[in-house]
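Take a look at the structure below.
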Amino acid sequence: MNRRKFISLSILSIIGVAGASILAFYDFDTLVFKILKHDLKRLSIEEKYFRKFAEEARKTNYWNRIMFNNKKKAFVFVFFFLPKVGLPYEFKYEQLRGRIVGDFLLATDFFVNKMDETREIKYIGLYDPYLRPCQNPFSNLNYEV
Amino acid sequence: MQQDKYDLILVGTSFASSFFLKKFLENAPPSAKVLAIERGKLFSHSDRLKVKRGEMPPPAWQETYLSKSDKPWTFDPNFGGSSNCWAGCTPRFMPNDFKMNSTYGIGVDWPISYEDIDDYYYEVEDIMSISGPDVTPFPRKKSYPLPTHALSTVDRVMQKHYGELYISQPAARASRAVGNRGACCSSIVCDVCPVNSKFTIENTLKYLYEDPRVTLIDGSQAYALKIENNVAKSVMVRKAGKDLEFHAETIALGANPIFNSHILLNSGDTLDWTGAGLSDQVGTYAKVYLDDLENVGGSSLITANGYMFYDIPERNKYAGCLIESSQGFWSPYTRNEFGKWRKIALFKFIFEDLPQKQNRVSVSQDILKPNVVFNDISDYAKEGLKNLKSNVDKYFSVLPIERIEYDGYNQESEYHICGATQMSASSDDGVVDKNLVHHTYRNVLVLGSGTFPTITPANPTLTLSALSLMAATKYFGS
């Protein structure tokens, strides 16, 4: 095993252990709520929708269905509490965190209303192409270019 | 042991078998007798939707092959095969893909040329009702059957600079309703299309298996051929724990490359290349964060294909790459920054590979389960990956880029099982001849992407389907 691989594996192991420890005290719904509340503070959304999204996602197995598995959840948990100082894999955390925020916004009327940041945002329901096909808000059906 | 005699036995009901069957039936007399052997069942599109909606449990997973490698070889072992789970990407191969050795000194030349299958490409494109653009990097003489899908705003910038090297992806995701298929509405979940837009065997070619000349038996796994004096006499099948034997004049193996080669190995095939050279492509993603360009307006899952470093002079040193401009997975991707929510693009870079003889299929203790060994991709593909960043720097600078985030790892699979029964001019270098007839067993045809002697960056389905039409035409006459 080379040095780089050893360091990577060590970091991943620490993340795994830390993630498991945090999971024991903190549920994913709460984390989702905290992320949404922080990242969307400049938009006009009622907090109750953050909780509703987290609950609906859990009840419908949403995270597993989009392949946001427990490993990824643990990863987000750990990095959420770490200082952002340019750690390895930090960009991956930001991508996963962004997925949570993006999927929440897809469950609202924000994208349907062409990302108008001045409007009050309403919750519609989880984005599910099998329950509501043809709802991709960025497609040619919504944007004629 | 059951004793029946058929003019033709087909193993499998996926693309390779179905296109072969279609051509055979067009010219076969009313008295023709065909047996199609399917290991799975018809798992209908409507039931697949129920699974996706959580209204029905998914079918139990079954181990179909043995392997110690992490690389998965994914396919759908049911009626219609992987047409049930493919994404419907149908670019043609480039003319140079067929002559890699004479053009670039890499790999081998195919024993056929682009021109040899050109007519069959058109035929498959018509049957699948492909949506595609008028201008393509590979030669075409007429328009695609359906109008092209819309490019996104990002794609339009790229196309403005690269013209025919950056096109709306030719796709079996119908841009207009056609036959039993709905119009693609960019739902981004193509493995099971919510509106049944993508071509599947079930929605377009199922009628072939209802033809009175055809008998379909399902839940039946073909595992060997009985060979006498280099002539295949019958197919051995396991159905519900019982062994059956079906006799035929001609046998066409249209399972995937792992099982086609396994059937041959179980039958005593000793050609050097039978089972050898199992391959796939190699893919990796990059997210491109854009300064002042919203990525909107695309009309399908993969909105475009880029060919800027696919067929370039450097292909004599490293693998060519096909670029896919993608809209996301399950849900469209977004950017978590105020005011920049959709100022982002996702690109996948798919590199070709060269068949490695040590990556192979072999027999195991279980006659129904092949053993799969996959050690590594070729150095040629690795070199292509090494040159990715420099090529992206060179060709993507036309976009207003803030930053690019590379995944930094390869996808576990491109889900394109290739090689292991490759075509060649001689039996020393492959398993089947240029018409997909086995070099030794001249009444056995081996179909599908297993016959590809080199593994191009482009998606294999259109080409393997065209090869099936060609093989049936050449073997039975038109």
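The way I read the labels, and the way they are meant: chains A, B, ... in the order of the structure tokens, residue 1 as the first residue of every chain, and ligand 1 as the first ligand shown, with later ones counted on from there.
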
(Q) I want to know what sits within 10 Å of Glu412 (chain B), based on only C-alpha atoms, with residues of the same chain fewer than 4 positions away left out; could you give that as a list in words? (A) Asp70, Lys71, Pro72, Trp73, Val282, Gly283 and Thr284 of chain B

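Those residues of chain B that fall within 6 Å of chain A when using only C-alpha atoms read Cys185, Ser187, Pro194, Val296, Gly297, Gly298, Ser299, Thr334 and Asn336 of chain B.
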
File of the preceding selection, N, CA and C atoms, as an mmCIF file, in the first residue's frame:
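Dumped to out.cif:
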data_model
loop_
_atom_site.group_PDB
_atom_site.id
_atom_site.type_symbol
_atom_site.label_atom_id
_atom_site.label_comp_id
_atom_site.auth_asym_id
_atom_site.auth_seq_id
_atom_site.Cartn_x
_atom_site.Cartn_y
_atom_site.Cartn_z
ATOM 1 N N CYS B 185 -40.111 13.272 -22.429
ATOM 2 C CA CYS B 185 -40.349 14.598 -21.836
ATOM 3 C C CYS B 185 -39.291 14.893 -20.780
ATOM 4 N N SER B 187 -37.705 13.180 -18.350
ATOM 5 C CA SER B 187 -37.929 12.831 -16.937
ATOM 6 C C SER B 187 -36.642 12.373 -16.240
ATOM 7 N N PRO B 194 -40.833 6.580 -17.603
ATOM 8 C CA PRO B 194 -42.188 6.769 -17.068
ATOM 9 C C PRO B 194 -43.255 6.878 -18.151
ATOM 10 N N VAL B 296 -30.233 25.307 -19.416
ATOM 11 C CA VAL B 296 -31.656 24.953 -19.520
ATOM 12 C C VAL B 296 -32.018 24.651 -20.979
ATOM 13 N N GLY B 297 -33.193 24.051 -21.140
ATOM 14 C CA GLY B 297 -33.761 23.911 -22.479
ATOM 15 C C GLY B 297 -33.518 22.589 -23.166
ATOM 16 N N GLY B 298 -32.721 21.694 -22.563
ATOM 17 C CA GLY B 298 -32.490 20.385 -23.181
ATOM 18 C C GLY B 298 -33.748 19.533 -23.108
ATOM 19 N N SER B 299 -33.889 18.619 -24.057
ATOM 20 C CA SER B 299 -35.163 17.886 -24.088
ATOM 21 C C SER B 299 -35.030 16.400 -23.786
ATOM 22 N N THR B 334 -28.438 20.571 -9.572
ATOM 23 C CA THR B 334 -28.500 22.018 -9.351
ATOM 24 C C THR B 334 -27.236 22.442 -8.612
ATOM 25 N N ASN B 336 -25.736 24.727 -5.396
ATOM 26 C CA ASN B 336 -26.175 25.248 -4.102
ATOM 27 C C ASN B 336 -25.565 26.625 -3.824
#

**Q.** Pick from B:Val363, B:Glu294, B:Pro77, B:Asn84 nearest to Arg335 (chain B), counting only C-alpha atoms
**A.** B:Glu294

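Residues in contact with Arg442 (chain B) at 10 Å, where only C-alpha atoms are counted and same-chain residues fewer than 4 positions away are skipped, are listed as B:Asn230, B:Val231, B:Ala232, B:Thr250, B:Ile251, B:Val432, B:Asp433, B:Leu436, B:Val437, B:His438.
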
What are the closest atom pairs, with distances in Å to one decimal, for all residues of region 131-248 of chain B lying within 6 Å of region 21-37 of chain B? Consider only C-alpha atoms, order rows by chain and residue number, and present the result as a tab-separated table.
residue	atom	partner	partner_atom	distance
B:Arg213	CA	B:Lys33	CA	5.2
B:Val214	CA	B:Val34	CA	4.7
B:Thr215	CA	B:Leu35	CA	4.8
B:Leu216	CA	B:Ala36	CA	4.8
B:Ile217	CA	B:Ile37	CA	5.3

(Q) With DSSP run on the backbone, what are the strand (DSSP E) residues within chain A? I'd like them as a PyMOL selection string. (A) chain A and resi 44-45+120-121

Q. Which polymer residues have any atom within 12 Å of an atom of Glu90 (chain A), counting only C-alpha atoms, with same-chain residues fewer than 2 positions away left out, as a list in words?
A.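 Once the adjacent positions are removed, what remains is Ile11, Ile15, Phe75, Val76, Val78, Phe79, Phe80, Phe81, Leu82, Pro83, Lys84, Val85, Gly86, Leu87, Pro88, Lys92, Tyr93, Glu94, Gln95, Leu96 and Arg97 of chain A; Glu405 of chain B.
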
(Q) Taking 5 positions as the minimum chain separation for residues in the same chain, which residues sit within 8 Å of Ile350 (chain B) when counting only C-alpha atoms? Answer as a list in words. (A) Gln281, Val282, Gly283, Thr284, Cys321, Leu322, Ile323, Glu324, Pro457 and Ala458 of chain B

(Q) As an exercise, work out the distance from CA of Ser413 (chain B) to CA of Asp280 (chain B) in Å and give it to one decimal place. (A)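 Rounded to one decimal, the two atoms are 7.3 Å apart.
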
Q) If you run DSSP on the backbone, which residues of region 40-245 of chain B are alpha helix (DSSP H), as a count of residues only? A) 37

Q.
For Lys59 (chain A), find every residue with an atom within 12 Å (counting only C-alpha atoms), except residues of its own chain fewer than 6 positions away, and show them as a list in words.
A.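 Selected residues are Asp29, Lys52, Phe53, Arg65 and Leu126 of chain A; Gly54 of chain B.
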
Q: Return the single residue from B:Phe347, B:Tyr120, B:Phe199, B:Phe43 that is closest to Val288 (chain B), with distances computed using only C-alpha atoms.
A: B:Phe347

Q: Compile the contact shell of Tyr223 (chain B) as a PyMOL selection string: residues with an atom at most 12 Å away, counting only C-alpha atoms, same-chain residues fewer than 2 positions apart removed.
A: chain B and resi 11-12+37-39+220-221+225-226+234-239+243-246+253+255+258-268+363+366-370
